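Engineer: My structure file input.pdb, PDB, C-alpha atoms and all ligand atoms, is below:
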MODEL        1
ATOM      1  CA  MET A   1      61.890  -2.603  -8.549  1.00  0.00           C
ATOM      2  CA  GLU A   2      60.736  -1.770 -12.053  1.00  0.00           C
ATOM      3  CA  PHE A   3      62.652  -4.775 -13.376  1.00  0.00           C
ATOM      4  CA  ILE A   4      61.104  -7.113 -10.848  1.00  0.00           C
ATOM      5  CA  ASN A   5      57.682  -5.741 -11.576  1.00  0.00           C
ATOM      6  CA  GLY A   6      58.346  -6.277 -15.264  1.00  0.00           C
ATOM      7  CA  ILE A   7      59.177  -9.946 -14.703  1.00  0.00           C
ATOM      8  CA  GLN A   8      56.220 -10.429 -12.436  1.00  0.00           C
ATOM      9  CA  ASN A   9      53.947  -8.871 -15.009  1.00  0.00           C
ATOM     10  CA  LYS A  10      55.410 -11.047 -17.776  1.00  0.00           C
ATOM     11  CA  GLU A  11      55.029 -14.144 -15.677  1.00  0.00           C
ATOM     12  CA  ARG A  12      51.495 -13.280 -14.839  1.00  0.00           C
ATOM     13  CA  SER A  13      50.367 -12.216 -18.276  1.00  0.00           C
ATOM     14  CA  PRO A  14      49.546 -15.738 -19.607  1.00  0.00           C
ATOM     15  CA  ILE A  15      47.439 -16.370 -16.494  1.00  0.00           C
ATOM     16  CA  PHE A  16      45.655 -13.062 -16.994  1.00  0.00           C
ATOM     17  CA  ASP A  17      45.029 -14.005 -20.616  1.00  0.00           C
ATOM     18  CA  ARG A  18      43.504 -17.337 -19.623  1.00  0.00           C
ATOM     19  CA  GLN A  19      41.334 -15.602 -17.021  1.00  0.00           C
ATOM     20  CA  LYS A  20      40.325 -13.043 -19.616  1.00  0.00           C
ATOM     21  CA  TYR A  21      39.300 -15.675 -22.168  1.00  0.00           C
ATOM     22  CA  GLY A  22      37.705 -17.807 -19.456  1.00  0.00           C
ATOM     23  CA  GLY A  23      35.767 -14.749 -18.334  1.00  0.00           C
ATOM     24  CA  PHE A  24      34.686 -14.076 -21.904  1.00  0.00           C
ATOM     25  CA  TRP A  25      33.292 -17.577 -22.433  1.00  0.00           C
ATOM     26  CA  PHE A  26      31.724 -17.639 -18.994  1.00  0.00           C
ATOM     27  CA  GLY A  27      30.122 -14.273 -19.713  1.00  0.00           C
ATOM     28  CA  ALA A  28      28.876 -15.513 -23.085  1.00  0.00           C
ATOM     29  CA  LEU A  29      27.381 -18.595 -21.388  1.00  0.00           C
ATOM     30  CA  ILE A  30      25.580 -16.453 -18.763  1.00  0.00           C
ATOM     31  CA  PHE A  31      24.337 -14.134 -21.509  1.00  0.00           C
ATOM     32  CA  GLY A  32      23.034 -17.103 -23.463  1.00  0.00           C
ATOM     33  CA  LEU A  33      21.262 -18.525 -20.397  1.00  0.00           C
ATOM     34  CA  ALA A  34      19.776 -15.101 -19.658  1.00  0.00           C
ATOM     35  CA  VAL A  35      18.403 -14.858 -23.197  1.00  0.00           C
ATOM     36  CA  VAL A  36      16.876 -18.347 -22.914  1.00  0.00           C
ATOM     37  CA  ALA A  37      15.434 -17.524 -19.460  1.00  0.00           C
ATOM     38  CA  ALA A  38      13.994 -14.225 -20.705  1.00  0.00           C
ATOM     39  CA  ALA A  39      12.408 -15.981 -23.662  1.00  0.00           C
ATOM     40  CA  ASN A  40      10.861 -18.552 -21.308  1.00  0.00           C
ATOM     41  CA  ILE A  41       9.502 -15.851 -18.976  1.00  0.00           C
ATOM     42  CA  ALA A  42       8.068 -13.936 -21.937  1.00  0.00           C
ATOM     43  CA  GLY A  43       6.461 -17.145 -23.177  1.00  0.00           C
ATOM     44  CA  GLN A  44       4.975 -17.898 -19.749  1.00  0.00           C
ATOM     45  CA  ASN A  45       3.591 -14.383 -19.358  1.00  0.00           C
ATOM     46  CA  THR A  46       1.619 -14.594 -22.557  1.00  0.00           C
ATOM     47  CA  GLU A  47       0.007 -17.813 -21.310  1.00  0.00           C
ATOM     48  CA  THR A  48      -0.505 -16.756 -17.665  1.00  0.00           C
ATOM     49  CA  THR A  49      -4.154 -16.828 -16.676  1.00  0.00           C
ATOM     50  CA  GLU A  50      -5.805 -14.522 -14.190  1.00  0.00           C
ATOM     51  CA  SER A  51      -6.051 -17.269 -11.561  1.00  0.00           C
ATOM     52  CA  GLN A  52      -2.310 -17.853 -11.751  1.00  0.00           C
ATOM     53  CA  VAL A  53      -1.696 -14.159 -11.154  1.00  0.00           C
ATOM     54  CA  VAL A  54      -3.874 -14.299  -8.027  1.00  0.00           C
ATOM     55  CA  ASP A  55      -2.151 -17.491  -6.847  1.00  0.00           C
ATOM     56  CA  ASN A  56       1.271 -15.987  -7.335  1.00  0.00           C
ATOM     57  CA  ALA A  57       0.596 -12.651  -5.683  1.00  0.00           C
ATOM     58  CA  GLY A  58      -2.042 -13.765  -3.120  1.00  0.00           C
ATOM     59  CA  ALA A  59      -5.521 -12.329  -3.140  1.00  0.00           C
ATOM     60  CA  ALA A  60      -6.785  -9.161  -1.510  1.00  0.00           C
ATOM     61  CA  LYS A  61      -8.762 -10.067   1.606  1.00  0.00           C
ATOM     62  CA  GLU A  62     -12.188  -8.680   2.461  1.00  0.00           C
ATOM     63  CA  ILE A  63     -12.524  -7.652   6.083  1.00  0.00           C
ATOM     64  CA  GLN A  64     -14.894  -5.865   8.420  1.00  0.00           C
ATOM     65  CA  ILE A  65     -13.273  -4.259  11.434  1.00  0.00           C
ATOM     66  CA  GLN A  66     -14.435  -2.126  14.314  1.00  0.00           C
ATOM     67  CA  GLY A  67     -12.342   0.599  15.869  1.00  0.00           C
ATOM     68  CA  ARG A  68     -11.410   4.241  15.538  1.00  0.00           C
ATOM     69  CA  ILE A  69      -9.389   6.610  13.412  1.00  0.00           C
ATOM     70  CA  VAL A  70      -5.950   7.445  14.823  1.00  0.00           C
ATOM     71  CA  CYS A  71      -2.877   9.283  13.655  1.00  0.00           C
ATOM     72  CA  LEU A  72      -0.426   6.400  13.228  1.00  0.00           C
ATOM     73  CA  ALA A  73       2.551   8.748  13.457  1.00  0.00           C
ATOM     74  CA  GLU A  74       1.441   9.887  16.917  1.00  0.00           C
ATOM     75  CA  VAL A  75       0.548   6.402  18.141  1.00  0.00           C
ATOM     76  CA  MET A  76       3.876   4.945  16.974  1.00  0.00           C
ATOM     77  CA  HIS A  77       5.641   7.876  18.625  1.00  0.00           C
ATOM     78  CA  ASN A  78       3.872   7.140  21.912  1.00  0.00           C
ATOM     79  CA  LEU A  79       4.330   3.366  21.714  1.00  0.00           C
ATOM     80  CA  TYR A  80       7.793   3.060  20.162  1.00  0.00           C
ATOM     81  CA  ARG A  81       9.332   6.547  20.230  1.00  0.00           C
ATOM     82  CA  ALA A  82       9.077   6.773  16.444  1.00  0.00           C
ATOM     83  CA  ASP A  83      10.425  10.145  15.338  1.00  0.00           C
ATOM     84  CA  LEU A  84       7.608  12.701  15.242  1.00  0.00           C
ATOM     85  CA  PRO A  85       8.412  16.090  13.686  1.00  0.00           C
ATOM     86  CA  ALA A  86       6.824  19.023  15.559  1.00  0.00           C
ATOM     87  CA  ASN A  87       4.707  20.032  12.575  1.00  0.00           C
ATOM     88  CA  HIS A  88       3.809  16.642  11.180  1.00  0.00           C
ATOM     89  CA  GLU A  89       1.162  15.848   8.621  1.00  0.00           C
ATOM     90  CA  HIS A  90      -1.280  13.381  10.221  1.00  0.00           C
ATOM     91  CA  LEU A  91      -0.919   9.844   8.937  1.00  0.00           C
ATOM     92  CA  TYR A  92      -4.431   8.536   9.382  1.00  0.00           C
ATOM     93  CA  GLY A  93      -5.003   4.902  10.088  1.00  0.00           C
ATOM     94  CA  PHE A  94      -7.406   2.640  11.902  1.00  0.00           C
ATOM     95  CA  GLU A  95      -6.946   1.013  15.287  1.00  0.00           C
ATOM     96  CA  THR A  96      -9.195  -1.934  16.014  1.00  0.00           C
ATOM     97  CA  ALA A  97     -10.560  -2.877  19.415  1.00  0.00           C
ATOM     98  CA  GLU A  98      -7.825  -5.581  19.476  1.00  0.00           C
ATOM     99  CA  ASP A  99      -5.098  -2.917  18.956  1.00  0.00           C
ATOM    100  CA  VAL A 100      -4.376  -3.971  15.382  1.00  0.00           C
ATOM    101  CA  PHE A 101      -3.340  -1.060  13.170  1.00  0.00           C
ATOM    102  CA  TYR A 102      -4.193  -0.460   9.529  1.00  0.00           C
ATOM    103  CA  THR A 103      -2.939   2.296   7.253  1.00  0.00           C
ATOM    104  CA  LEU A 104      -5.804   3.890   5.331  1.00  0.00           C
ATOM    105  CA  LEU A 105      -5.692   4.092   1.578  1.00  0.00           C
ATOM    106  CA  ARG A 106      -7.045   7.501   0.570  1.00  0.00           C
ATOM    107  CA  THR A 107      -9.794   7.018  -2.009  1.00  0.00           C
ATOM    108  CA  ASP A 108     -13.095   8.664  -2.946  1.00  0.00           C
ATOM    109  CA  LEU A 109     -14.895   6.275  -0.569  1.00  0.00           C
ATOM    110  CA  SER A 110     -12.496   6.847   2.354  1.00  0.00           C
ATOM    111  CA  GLU A 111     -12.012  10.606   1.887  1.00  0.00           C
ATOM    112  CA  ALA A 112     -14.455  11.388   4.723  1.00  0.00           C
ATOM    113  CA  LEU A 113     -12.165   9.581   7.202  1.00  0.00           C
ATOM    114  CA  PHE A 114      -9.381  12.024   6.353  1.00  0.00           C
ATOM    115  CA  VAL A 115     -11.279  15.309   6.225  1.00  0.00           C
ATOM    116  CA  ASP A 116     -14.255  15.025   8.609  1.00  0.00           C
ATOM    117  CA  GLU A 117     -12.933  15.286  12.158  1.00  0.00           C
ATOM    118  CA  ARG A 118     -16.354  14.367  13.564  1.00  0.00           C
ATOM    119  CA  LEU A 119     -15.648  10.820  12.388  1.00  0.00           C
ATOM    120  CA  HIS A 120     -12.458  10.767  14.488  1.00  0.00           C
ATOM    121  CA  GLN A 121     -14.661  10.839  17.599  1.00  0.00           C
ATOM    122  CA  ARG A 122     -16.818   7.890  16.513  1.00  0.00           C
ATOM    123  CA  THR A 123     -16.560   4.166  16.957  1.00  0.00           C
ATOM    124  CA  LEU A 124     -16.519   3.039  13.335  1.00  0.00           C
ATOM    125  CA  ILE A 125     -17.065  -0.164  11.428  1.00  0.00           C
ATOM    126  CA  ILE A 126     -15.138  -0.283   8.172  1.00  0.00           C
ATOM    127  CA  THR A 127     -15.825  -2.862   5.513  1.00  0.00           C
ATOM    128  CA  GLY A 128     -13.072  -3.081   2.969  1.00  0.00           C
ATOM    129  CA  ARG A 129     -10.033  -4.921   1.714  1.00  0.00           C
ATOM    130  CA  THR A 130      -6.455  -5.495   2.757  1.00  0.00           C
ATOM    131  CA  PHE A 131      -3.709  -6.530   0.389  1.00  0.00           C
ATOM    132  CA  PRO A 132      -1.192  -9.374   0.597  1.00  0.00           C
ATOM    133  CA  LYS A 133       1.701  -8.750   2.982  1.00  0.00           C
ATOM    134  CA  THR A 134       0.357  -5.335   4.010  1.00  0.00           C
ATOM    135  CA  HIS A 135      -1.927  -3.750   6.598  1.00  0.00           C
ATOM    136  CA  LEU A 136      -3.104  -1.278   4.011  1.00  0.00           C
ATOM    137  CA  LEU A 137      -6.878  -0.842   4.285  1.00  0.00           C
ATOM    138  CA  GLU A 138      -9.098   0.126   1.380  1.00  0.00           C
ATOM    139  CA  ALA A 139     -12.375   1.251   2.955  1.00  0.00           C
ATOM    140  CA  ILE A 140     -15.450   0.456   0.871  1.00  0.00           C
ATOM    141  CA  ARG A 141     -18.272   0.965   3.388  1.00  0.00           C
ATOM    142  CA  LEU A 142     -18.349   3.198   6.467  1.00  0.00           C
ATOM    143  CA  GLN A 143     -20.609   2.696   9.435  1.00  0.00           C
ATOM    144  CA  SER A 144     -20.688   4.084  12.961  1.00  0.00           C
ATOM    145  CA  LEU A 145     -21.721   2.434  16.187  1.00  0.00           C
ATOM    146  CA  HIS A 146     -23.819   4.255  18.818  1.00  0.00           C
ATOM    147  CA  ASP A 147     -25.312   2.464  21.821  1.00  0.00           C
ATOM    148  CA  GLY A 148     -24.926  -0.888  20.127  1.00  0.00           C
ATOM    149  CA  VAL A 149     -26.774   0.246  16.974  1.00  0.00           C
ATOM    150  CA  VAL A 150     -24.991   0.230  13.613  1.00  0.00           C
ATOM    151  CA  HIS A 151     -25.529   3.349  11.475  1.00  0.00           C
ATOM    152  CA  ASP A 152     -24.702   3.844   7.815  1.00  0.00           C
ATOM    153  CA  LEU A 153     -22.466   6.878   7.331  1.00  0.00           C
ATOM    154  CA  TYR A 154     -22.847   9.096   4.290  1.00  0.00           C
ATOM    155  CA  TYR A 155     -23.372  12.675   3.162  1.00  0.00           C
ATOM    156  CA  TYR A 156     -26.588  13.962   1.702  1.00  0.00           C
ATOM    157  CA  CYS A 157     -28.111  16.957  -0.065  1.00  0.00           C
ATOM    158  CA  ASP A 158     -31.756  17.310   1.051  1.00  0.00           C
ATOM    159  CA  THR A 159     -32.617  19.661  -1.789  1.00  0.00           C
ATOM    160  CA  CYS A 160     -31.470  17.354  -4.576  1.00  0.00           C
ATOM    161  CA  ALA A 161     -31.799  14.041  -2.705  1.00  0.00           C
ATOM    162  CA  ILE A 162     -28.253  13.182  -3.754  1.00  0.00           C
ATOM    163  CA  ARG A 163     -25.967  11.010  -1.664  1.00  0.00           C
ATOM    164  CA  ALA A 164     -22.199  11.549  -1.463  1.00  0.00           C
ATOM    165  CA  ALA A 165     -19.344   9.579   0.096  1.00  0.00           C
ATOM    166  CA  ALA A 166     -17.465  12.587   1.442  1.00  0.00           C
ATOM    167  CA  PRO A 167     -18.162  16.115   2.690  1.00  0.00           C
ATOM    168  CA  GLY A 168     -18.106  18.925   0.162  1.00  0.00           C
ATOM    169  CA  ASP A 169     -20.468  20.679  -2.187  1.00  0.00           C
ATOM    170  CA  CYS A 170     -23.413  18.914  -3.783  1.00  0.00           C
ATOM    171  CA  VAL A 171     -22.604  17.965  -7.355  1.00  0.00           C
ATOM    172  CA  CYS A 172     -25.987  19.395  -8.391  1.00  0.00           C
ATOM    173  CA  CYS A 173     -26.818  22.575  -6.425  1.00  0.00           C
ATOM    174  CA  GLN A 174     -23.330  23.232  -4.981  1.00  0.00           C
ATOM    175  CA  ALA A 175     -24.706  23.585  -1.437  1.00  0.00           C
ATOM    176  CA  PRO A 176     -22.703  21.737   1.213  1.00  0.00           C
ATOM    177  CA  VAL A 177     -23.820  18.142   1.828  1.00  0.00           C
ATOM    178  CA  GLU A 178     -24.705  17.110   5.385  1.00  0.00           C
ATOM    179  CA  LEU A 179     -23.377  14.171   7.377  1.00  0.00           C
ATOM    180  CA  VAL A 180     -26.029  11.508   7.883  1.00  0.00           C
ATOM    181  CA  GLU A 181     -25.906   8.587  10.306  1.00  0.00           C
ATOM    182  CA  LYS A 182     -28.798   6.310   9.515  1.00  0.00           C
ATOM    183  CA  PRO A 183     -29.613   3.310  11.718  1.00  0.00           C
TER     184      PRO A 183
HETATM  185 ZN    ZN B   1      -0.781  13.282  13.745  1.00  0.00          ZN
HETATM  186 ZN    ZN B   2     -27.905  19.618  -3.977  1.00  0.00          ZN
ENDMDL
END
Could you render the structure as structure tokens?
Ligand SMILES: [Zn+2]
Ligand SMILES: [Zn+2]
Structural biologist:
Amino acid sequence: MEFINGIQNKERSPIFDRQKYGGFWFGALIFGLAVVAAANIAGQNTETTESQVVDNAGAAKEIQIQGRIVCLAEVMHNLYRADLPANHEHLYGFETAEDVFYTLLRTDLSEALFVDERLHQRTLIITGRTFPKTHLLEAIRLQSLHDGVVHDLYYYCDTCAIRAAAPGDCVCCQAPVELVEKP
């Protein structure tokens, strides 16, 4: 068996050598093409304008939607049996009147939607942006709807006449700011 293997190996060795050299030149060619391609991409990037970036990636879209805050984890569990751990952290999102779901980006302007449970009982109007190929919602303006009347939602310190986007202590006097719904 060893002898046969030896012959087979000898017979094969020239083929292996050709494959090895072929592989080397093929590899060198690919490497060369990669270098040229990389140089081209680098060249293009330096000349790419802002409009091209927007065209390539798609633009963020401004929207205004009406609906309510929901825990997406719970809704997806109820609708689709998505796994819901017993002690889950709420994943807050927005459900529109047309049953379209958005995941909320947590920002200074949207913080109130995460921490003020009073807002979870309201019909809300959110003005904001969504991003290409996502249903991620960046809230920029919050309003509530009572009896057909739109109210601006914000927090306010009467003492200092300072407005805030989220509940917490007044940046000036440190007293807690109050929720205001102004028609
Ligand atoms: Zn939840
Ligand atoms: Zn104050």
Engineer: Expand the PyMOL selection byres (((not hetatm)) within 9 of (chain B and resi 1)) into the individual residues it matches in the shown file, reporting them as a list in words.
Structural biologist: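 Taken over the shown coordinates, the PyMOL selection byres (((not hetatm)) within 9 of (chain B and resi 1)) returns Val70, Cys71, Leu72, Ala73, Glu74, Val75, Leu84, Asn87, His88, Glu89, His90, Leu91 and Tyr92 of chain A.
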Engineer: To one decimal place in Å, what is the distance between atom CA of A:Leu179 and atom CA of A:His135?
Structural biologist: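 Going from atom CA of A:Leu179 over to atom CA of A:His135 covers 28.0 Å.
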Engineer: Using only C-alpha atoms and all ligand atoms, find each residue in chain A having at least one atom no more than 12 Å away from ligand ZN 2 (chain B); report its shortest atom-to-atom pair and that distance in Å (one decimal), rows by chain then rising number, as a Markdown table.
Structural biologist:
| residue | atom | partner | partner_atom | distance |
| --- | --- | --- | --- | --- |
| A:Tyr155 | CA | B:ZN2 | ZN | 10.9 |
| A:Tyr156 | CA | B:ZN2 | ZN | 8.1 |
| A:Cys157 | CA | B:ZN2 | ZN | 4.7 |
| A:Asp158 | CA | B:ZN2 | ZN | 6.7 |
| A:Thr159 | CA | B:ZN2 | ZN | 5.2 |
| A:Cys160 | CA | B:ZN2 | ZN | 4.3 |
| A:Ala161 | CA | B:ZN2 | ZN | 6.9 |
| A:Ile162 | CA | B:ZN2 | ZN | 6.4 |
| A:Arg163 | CA | B:ZN2 | ZN | 9.1 |
| A:Ala164 | CA | B:ZN2 | ZN | 10.2 |
| A:Gly168 | CA | B:ZN2 | ZN | 10.7 |
| A:Asp169 | CA | B:ZN2 | ZN | 7.7 |
| A:Cys170 | CA | B:ZN2 | ZN | 4.6 |
| A:Val171 | CA | B:ZN2 | ZN | 6.5 |
| A:Cys172 | CA | B:ZN2 | ZN | 4.8 |
| A:Cys173 | CA | B:ZN2 | ZN | 4.0 |
| A:Gln174 | CA | B:ZN2 | ZN | 5.9 |
| A:Ala175 | CA | B:ZN2 | ZN | 5.7 |
| A:Pro176 | CA | B:ZN2 | ZN | 7.6 |
| A:Val177 | CA | B:ZN2 | ZN | 7.3 |
| A:Glu178 | CA | B:ZN2 | ZN | 10.2 |
Engineer: Give me, as a PyMOL selection string, all polymer residues having an atom no more than 10 Å from A:Leu119, counting only C-alpha atoms and skipping those fewer than 3 positions away in the same chain.
Structural biologist: chain A and resi 68-69+112-116+122-124+143-144+153+179
Engineer: I'd like the residues picked by the PyMOL selection byres (((chain A and resi 65) around 10) and not hetatm) written out as a list in words, using the chain letters and numbers from the file.
Structural biologist: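 Output from the PyMOL selection byres (((chain A and resi 65) around 10) and not hetatm), applied to this file: Ile63, Gln64, Gln66, Gly67, Arg68, Phe94, Glu95, Thr96, Ala97, Glu98, Val100, Leu124, Ile125, Ile126, Thr127 and Gly128 of chain A.
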Engineer: Can you translate the PyMOL selection byres (((chain A and resi 62) around 10) and not hetatm) into the concrete residues it hits in this file, as a PyMOL selection string?
Structural biologist: chain A and resi 59-61+63-64+127-131+137-140
Engineer: Could you please take those selected residues and save C-alpha atoms as an mmCIF file, in the frame of the given file?
Structural biologist:
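As a result, selection.cif now contains:
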data_model
loop_
_atom_site.group_PDB
_atom_site.id
_atom_site.type_symbol
_atom_site.label_atom_id
_atom_site.label_comp_id
_atom_site.auth_asym_id
_atom_site.auth_seq_id
_atom_site.Cartn_x
_atom_site.Cartn_y
_atom_site.Cartn_z
ATOM 1 C CA ALA A 59 -5.521 -12.329 -3.140
ATOM 2 C CA ALA A 60 -6.785 -9.161 -1.510
ATOM 3 C CA LYS A 61 -8.762 -10.067 1.606
ATOM 4 C CA ILE A 63 -12.524 -7.652 6.083
ATOM 5 C CA GLN A 64 -14.894 -5.865 8.420
ATOM 6 C CA THR A 127 -15.825 -2.862 5.513
ATOM 7 C CA GLY A 128 -13.072 -3.081 2.969
ATOM 8 C CA ARG A 129 -10.033 -4.921 1.714
ATOM 9 C CA THR A 130 -6.455 -5.495 2.757
ATOM 10 C CA PHE A 131 -3.709 -6.530 0.389
ATOM 11 C CA LEU A 137 -6.878 -0.842 4.285
ATOM 12 C CA GLU A 138 -9.098 0.126 1.380
ATOM 13 C CA ALA A 139 -12.375 1.251 2.955
ATOM 14 C CA ILE A 140 -15.450 0.456 0.871
#
Engineer: Please, what distance in Å, to one decimal, runs between atom CA of A:Pro85 and atom CA of A:Pro167?
Structural biologist: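 Going from atom CA of A:Pro85 over to atom CA of A:Pro167 covers 28.8 Å.
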Engineer: If I wrap all listed atoms of stretch 150-166 of chain A in a box with edges along x, y and z and add 5 Å on each side, what are its centre and edge lengths in Å to one decimal, as JSON?
Structural biologist:
{"center_x": -25.0, "center_y": 9.9, "center_z": 4.5, "size_x": 25.2, "size_y": 29.4, "size_z": 28.2}
Engineer: Please indicate the distance in Å from atom CA of A:Leu105 to atom CA of A:His151, rounded to one decimal place.
Structural biologist: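 These two atoms are separated by 22.2 Å.
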Engineer: For the point (-16.2, 5.8, 2.4) in file coordinates, what residues are within 6 Å, counting only C-alpha atoms? Give the answer as a count of residues only?
Structural biologist: 7
Engineer: Could you check the closest approach to A:Leu136 for each of A:Tyr154, A:Glu117, A:Thr103, A:Val149 and tell me which residue wins, using all atoms listed in the file?
Structural biologist: A:Thr103
Engineer: Here is a test: counting all atoms listed in the file, which residue of A:Arg118, A:Asp152, A:Glu111, A:Pro183 is nearest to A:Ala166?
Structural biologist: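 Residue with the minimum atom-to-atom distance to A:Ala166: A:Glu111.
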